[in-house]
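Encoded as structure tokens, the structure appears first; notes follow it.
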Amino acid sequence: MLRMRLIYLFFLLLMSSAALQAQDFSVAPLSDSLFARMLGRSYPEGCTVPRSDLRHVRVLHVDAKGKVHKGELVCNKAIAQDLLEIFRQLYQARYPIEKIRLIDDYDADDEQSMRDNNTSSFCYRTVSGTKKLSKHALGLAVDINTRYNPWVRKGADGRQLVSPDNGRLYANRQKSYPYKIVKGDLLYRLFIQHGFRWGGNWRSMKDYQHFEK
């Protein structure tokens with residue numbers, strides 16, 4: 001009798017854990033309240049991406065100190081399931097990601113979000129210095145642990161350009177530090193397996209935080 005009760009309790013715990021996982025890792029259309037947060041920020045007036053093309057992804061993630069956090073991002077429905085699976089595996093492996101917040105919490109200011117080492121996806125904007133829509137404008141790119149994995153390019157005058165500005169120390173990829181994305185590490189392998197391209201492999205510039213489809 002005792003054995004049956006223990007088995008029953010074990011299955012209850014499994015079911016409870018599965019229910020929590022379903023809540024903590026989920027993909028859903030944009031709710032009215034979420035869309036209201038985005039209007040005038042990541043979803044400005046004149047945005048040509050239909051709301052129906054976007055998805056709200058909720059995940060759990062672990063920071064470099066081992067603390068568990070709830071995270072959320074908005075992305076294109078075409079990559080929503082990819083991101084759900086990738087972030088679930090990163091969480092299970094305790095791969096460190098410091099923050100995953102909507103860029104709207106930073107008034108859709110990419111520099112502010114990057115300075116705070118935030119991970120995000122959708123933000124309707126052009127590629128810096130051009131009129132071409134960024135992959136982020138379509139929700140088809142993700143920037144991860146952004147301060148520690150900056151965008152780096154050599155300017156016309158030979159000086160090194162780095163974004164975010166407080167990520168200059170981490171443009172030196174020979175050093176070791178928390179949240180650094182390394183070619184061949186778990187995060188890199190998962191994104192490549194799901195068909196993403198890494199900005200760290202680009203030739204004319206390096207965007208170490210950036211993965212896109």
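Residues in the structure tokens are numbered from 1 in each chain, the chains being A, B, ... in the order shown, and ligands are numbered from 1 in the order shown.
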*Selection: 7 Å around stretch 130-147 of chain A, only C-alpha atoms, excl. self and same-chain fewer than 2 positions, as a PyMOL selection string*: chain A and resi 49+75-76+79+97-98+114-128+149-150+164+166-167+179+209-213
Preceding selection exported with N, CA, C and O atoms as a short mmCIF file (atom, residue, chain, number, x, y, z; two decimals), in the first residue's frame:
data_model
loop_
_atom_site.label_atom_id
_atom_site.label_comp_id
_atom_site.auth_asym_id
_atom_site.auth_seq_id
_atom_site.Cartn_x
_atom_site.Cartn_y
_atom_site.Cartn_z
N VAL A 49 5.26 45.05 -40.49
CA VAL A 49 5.17 43.64 -40.08
C VAL A 49 3.82 43.41 -39.41
O VAL A 49 3.52 44.05 -38.39
N CYS A 75 9.25 37.55 -31.25
CA CYS A 75 9.98 37.19 -32.47
C CYS A 75 8.99 36.83 -33.57
O CYS A 75 7.78 36.81 -33.35
N ASN A 76 9.49 36.55 -34.75
CA ASN A 76 8.65 36.11 -35.85
C ASN A 76 8.17 34.68 -35.59
O ASN A 76 8.91 33.86 -35.04
N ILE A 79 10.40 31.57 -36.37
CA ILE A 79 11.50 31.07 -35.55
C ILE A 79 11.09 30.84 -34.09
O ILE A 79 11.93 30.47 -33.27
N ILE A 97 22.71 33.12 -19.30
CA ILE A 97 22.16 34.27 -20.01
C ILE A 97 21.65 35.23 -18.94
O ILE A 97 20.83 34.85 -18.10
N GLU A 98 22.13 36.45 -18.95
CA GLU A 98 21.83 37.35 -17.82
C GLU A 98 20.40 37.88 -17.84
O GLU A 98 19.71 37.83 -16.82
N MET A 114 21.48 46.86 -25.12
CA MET A 114 22.78 46.19 -25.20
C MET A 114 23.67 46.54 -24.01
O MET A 114 24.36 45.67 -23.48
N ARG A 115 23.65 47.80 -23.60
CA ARG A 115 24.46 48.21 -22.45
C ARG A 115 24.09 47.42 -21.20
O ARG A 115 24.93 47.17 -20.33
N ASP A 116 22.84 47.01 -21.11
CA ASP A 116 22.35 46.27 -19.94
C ASP A 116 22.52 44.76 -20.11
O ASP A 116 22.01 43.98 -19.32
N ASN A 117 23.22 44.35 -21.17
CA ASN A 117 23.47 42.94 -21.46
C ASN A 117 22.17 42.16 -21.67
O ASN A 117 22.07 40.97 -21.34
N ASN A 118 21.20 42.81 -22.26
CA ASN A 118 19.89 42.20 -22.48
C ASN A 118 19.85 41.37 -23.77
O ASN A 118 20.50 41.71 -24.76
N THR A 119 19.08 40.31 -23.73
CA THR A 119 18.83 39.45 -24.89
C THR A 119 17.45 39.75 -25.44
O THR A 119 16.47 39.75 -24.69
N SER A 120 17.35 40.03 -26.75
CA SER A 120 16.06 40.38 -27.34
C SER A 120 16.03 40.01 -28.82
O SER A 120 17.06 39.67 -29.40
N SER A 121 14.84 40.14 -29.40
CA SER A 121 14.68 39.77 -30.82
C SER A 121 14.00 40.90 -31.61
O SER A 121 14.67 41.73 -32.19
N PHE A 122 12.67 40.96 -31.62
CA PHE A 122 11.96 41.90 -32.49
C PHE A 122 12.13 43.35 -32.07
O PHE A 122 11.95 43.71 -30.90
N CYS A 123 12.48 44.18 -33.03
CA CYS A 123 12.45 45.64 -32.87
C CYS A 123 12.45 46.22 -34.27
O CYS A 123 13.40 46.02 -35.04
N TYR A 124 11.42 46.94 -34.62
CA TYR A 124 11.28 47.45 -35.99
C TYR A 124 12.22 48.63 -36.19
O TYR A 124 11.99 49.73 -35.69
N ARG A 125 13.32 48.38 -36.91
CA ARG A 125 14.34 49.41 -37.14
C ARG A 125 15.16 49.05 -38.37
O ARG A 125 15.12 47.92 -38.86
N THR A 126 15.89 50.02 -38.85
CA THR A 126 16.77 49.80 -40.01
C THR A 126 18.16 49.41 -39.54
O THR A 126 18.53 49.63 -38.37
N VAL A 127 18.94 48.85 -40.45
CA VAL A 127 20.35 48.58 -40.19
C VAL A 127 21.04 49.92 -40.00
O VAL A 127 20.81 50.87 -40.76
N SER A 128 21.88 50.03 -39.00
CA SER A 128 22.55 51.29 -38.68
C SER A 128 23.26 51.86 -39.91
O SER A 128 24.03 51.18 -40.59
N ASN A 149 29.24 40.54 -25.86
CA ASN A 149 29.42 40.05 -27.22
C ASN A 149 29.07 41.17 -28.20
O ASN A 149 28.07 41.11 -28.92
N PRO A 150 29.90 42.20 -28.26
CA PRO A 150 29.55 43.41 -29.00
C PRO A 150 29.68 43.29 -30.51
O PRO A 150 30.22 42.33 -31.04
N PRO A 164 27.68 47.74 -27.88
CA PRO A 164 27.48 48.99 -27.15
C PRO A 164 28.81 49.60 -26.71
O PRO A 164 29.83 48.91 -26.68
N ASN A 166 29.87 50.37 -23.83
CA ASN A 166 30.47 49.81 -22.63
C ASN A 166 30.91 48.36 -22.85
O ASN A 166 31.28 47.66 -21.90
N GLY A 167 30.90 47.92 -24.12
CA GLY A 167 31.35 46.57 -24.44
C GLY A 167 32.73 46.54 -25.07
O GLY A 167 33.19 45.48 -25.52
N TYR A 179 29.57 35.18 -19.85
CA TYR A 179 28.60 35.46 -20.92
C TYR A 179 29.21 35.53 -22.32
O TYR A 179 28.54 35.90 -23.28
N GLN A 209 27.07 38.95 -30.78
CA GLN A 209 25.82 38.70 -30.06
C GLN A 209 24.71 38.17 -30.98
O GLN A 209 23.69 37.69 -30.50
N HIS A 210 24.89 38.24 -32.28
CA HIS A 210 23.80 38.19 -33.26
C HIS A 210 23.66 36.83 -33.95
O HIS A 210 24.62 36.30 -34.51
N PHE A 211 22.43 36.29 -33.93
CA PHE A 211 22.06 35.11 -34.70
C PHE A 211 20.82 35.44 -35.51
O PHE A 211 19.87 36.04 -35.00
N GLU A 212 20.80 35.05 -36.79
CA GLU A 212 19.66 35.38 -37.66
C GLU A 212 19.34 34.26 -38.61
O GLU A 212 20.16 33.40 -38.91
N LYS A 213 18.09 34.28 -39.10
CA LYS A 213 17.66 33.35 -40.14
C LYS A 213 17.24 34.17 -41.36
O LYS A 213 16.69 35.26 -41.22
#
*Just list the residues in stretch 27-78 of chain A DSSP gives strand (DSSP E) on the backbone, as number ranges by chain.*
A: 27-29, 54-62, 68-76
*Tell me which of A:Leu54, A:Ala64, A:Ile181, A:Cys47 sits closest to A:Ser31, counting only C-alpha atoms.*
A:Leu54
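Across the model, the gap from atom CA of A:Met205 to atom CA of A:His61 is 28.9 Å.
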*Skipping near chain neighbours, those fewer than 6 positions away, what residues fall within 12 Å of A:Gln89 using only C-alpha atoms, listed as a ChimeraX atom specification?*
/A:25,59-62,82-83,95-96,186-187,189-191
Store the residues picked out above in a file with N, CA and C atoms, as a short mmCIF file (atom, residue, chain, number, x, y, z; two decimals), in the first residue's frame.
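Contents of the output file selection.cif:
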data_model
loop_
_atom_site.label_atom_id
_atom_site.label_comp_id
_atom_site.auth_asym_id
_atom_site.auth_seq_id
_atom_site.Cartn_x
_atom_site.Cartn_y
_atom_site.Cartn_z
N PHE A 25 7.84 27.71 -20.38
CA PHE A 25 8.31 27.68 -21.76
C PHE A 25 7.10 27.61 -22.68
N VAL A 59 10.36 31.98 -21.50
CA VAL A 59 11.36 30.96 -21.18
C VAL A 59 11.89 31.17 -19.76
N LEU A 60 12.62 30.19 -19.27
CA LEU A 60 13.43 30.34 -18.07
C LEU A 60 14.89 30.42 -18.51
N HIS A 61 15.70 31.13 -17.74
CA HIS A 61 17.13 31.17 -18.03
C HIS A 61 17.90 31.32 -16.74
N VAL A 62 19.19 30.98 -16.79
CA VAL A 62 20.06 31.00 -15.62
C VAL A 62 21.18 32.00 -15.85
N ASP A 82 11.82 27.35 -32.82
CA ASP A 82 13.27 27.20 -32.73
C ASP A 82 13.79 27.80 -31.43
N LEU A 83 13.38 29.03 -31.14
CA LEU A 83 13.86 29.70 -29.95
C LEU A 83 13.39 29.00 -28.69
N TYR A 95 23.35 27.04 -19.19
CA TYR A 95 24.15 27.98 -19.96
C TYR A 95 23.77 29.40 -19.53
N PRO A 96 24.73 30.25 -19.16
CA PRO A 96 24.38 31.54 -18.57
C PRO A 96 23.89 32.60 -19.57
N LEU A 186 27.90 25.51 -26.66
CA LEU A 186 26.55 24.95 -26.75
C LEU A 186 25.58 25.89 -27.44
N LEU A 187 25.60 27.17 -27.05
CA LEU A 187 24.67 28.13 -27.66
C LEU A 187 24.90 28.22 -29.16
N ARG A 189 26.26 25.99 -31.16
CA ARG A 189 25.88 24.74 -31.83
C ARG A 189 24.38 24.63 -31.99
N LEU A 190 23.64 25.00 -30.97
CA LEU A 190 22.18 24.90 -31.03
C LEU A 190 21.60 25.82 -32.10
N PHE A 191 22.08 27.05 -32.15
CA PHE A 191 21.56 27.98 -33.15
C PHE A 191 21.93 27.53 -34.56
#
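With distances taken over only C-alpha atoms, A:His69 is the one residue among A:Arg197, A:Lys77, A:Lys183, A:His69 lying closest to A:Arg94.
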*asked:* My list of candidates is A:Phe87, A:Tyr43, A:Tyr188, A:Trp151. Which is closest to A:Ile100 when distances are computed with only C-alpha atoms?
replied: A:Phe87
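Secondary structure from DSSP on the backbone puts helix (DSSP H, G or I) at the following positions of stretch 73-157 of chain A: A:Lys77, A:Ala78, A:Ile79, A:Ala80, A:Gln81, A:Asp82, A:Leu83, A:Leu84, A:Glu85, A:Ile86, A:Phe87, A:Arg88, A:Gln89, A:Leu90, A:Tyr91, A:Gln92, A:Ile103, A:Asp104, A:Asp105, A:Tyr106, A:Asp110, A:Glu111, A:Gln112, A:Ser113, A:Met114, A:Arg115.
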*Write out as a list in words which residues come within 12 Å of A:Arg203 when counting only C-alpha atoms, dropping same-chain ones fewer than 5 positions away.*
Val152, Arg153, Lys154, Trp198 and Tyr208 of chain A
*asked:* Using only C-alpha atoms, which protein or nucleic acid residues come within 8 Å of A:Arg55? Drop anything in the same chain fewer than 3 positions from it, and give the result as a ChimeraX atom specification.
replied: /A:27-30,52,74-77,80
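We find atom CA of A:Gly66 and atom CA of A:Pro178 to be spaced 12.0 Å apart.
A straight line drawn from atom CA of A:His56 to atom CA of A:Val182 is 27.5 Å long.
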Name all residues at most 6 Å from A:Glu72 (count only C-alpha atoms; drop same-chain ones fewer than 2 positions away) and give them as a PDB file with N, CA and C atoms, in the first residue's frame.
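Contents of around11.pdb, freshly written:
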ATOM      1  N   VAL A  57       7.294  34.702 -26.765  1.00  0.00           N
ATOM      2  CA  VAL A  57       7.987  33.509 -26.276  1.00  0.00           C
ATOM      3  C   VAL A  57       8.392  33.727 -24.824  1.00  0.00           C
ATOM      4  N   ARG A  58       7.980  32.808 -23.954  1.00  0.00           N
ATOM      5  CA  ARG A  58       8.361  32.851 -22.539  1.00  0.00           C
ATOM      6  C   ARG A  58       9.306  31.688 -22.251  1.00  0.00           C
ATOM      7  N   ILE A 100      16.640  38.419 -20.315  1.00  0.00           N
ATOM      8  CA  ILE A 100      15.830  38.273 -21.536  1.00  0.00           C
ATOM      9  C   ILE A 100      14.559  39.088 -21.309  1.00  0.00           C
ATOM     10  N   ARG A 101      14.604  40.342 -21.711  1.00  0.00           N
ATOM     11  CA  ARG A 101      13.481  41.263 -21.516  1.00  0.00           C
ATOM     12  C   ARG A 101      13.077  41.873 -22.853  1.00  0.00           C
TER      13      ARG A 101
END
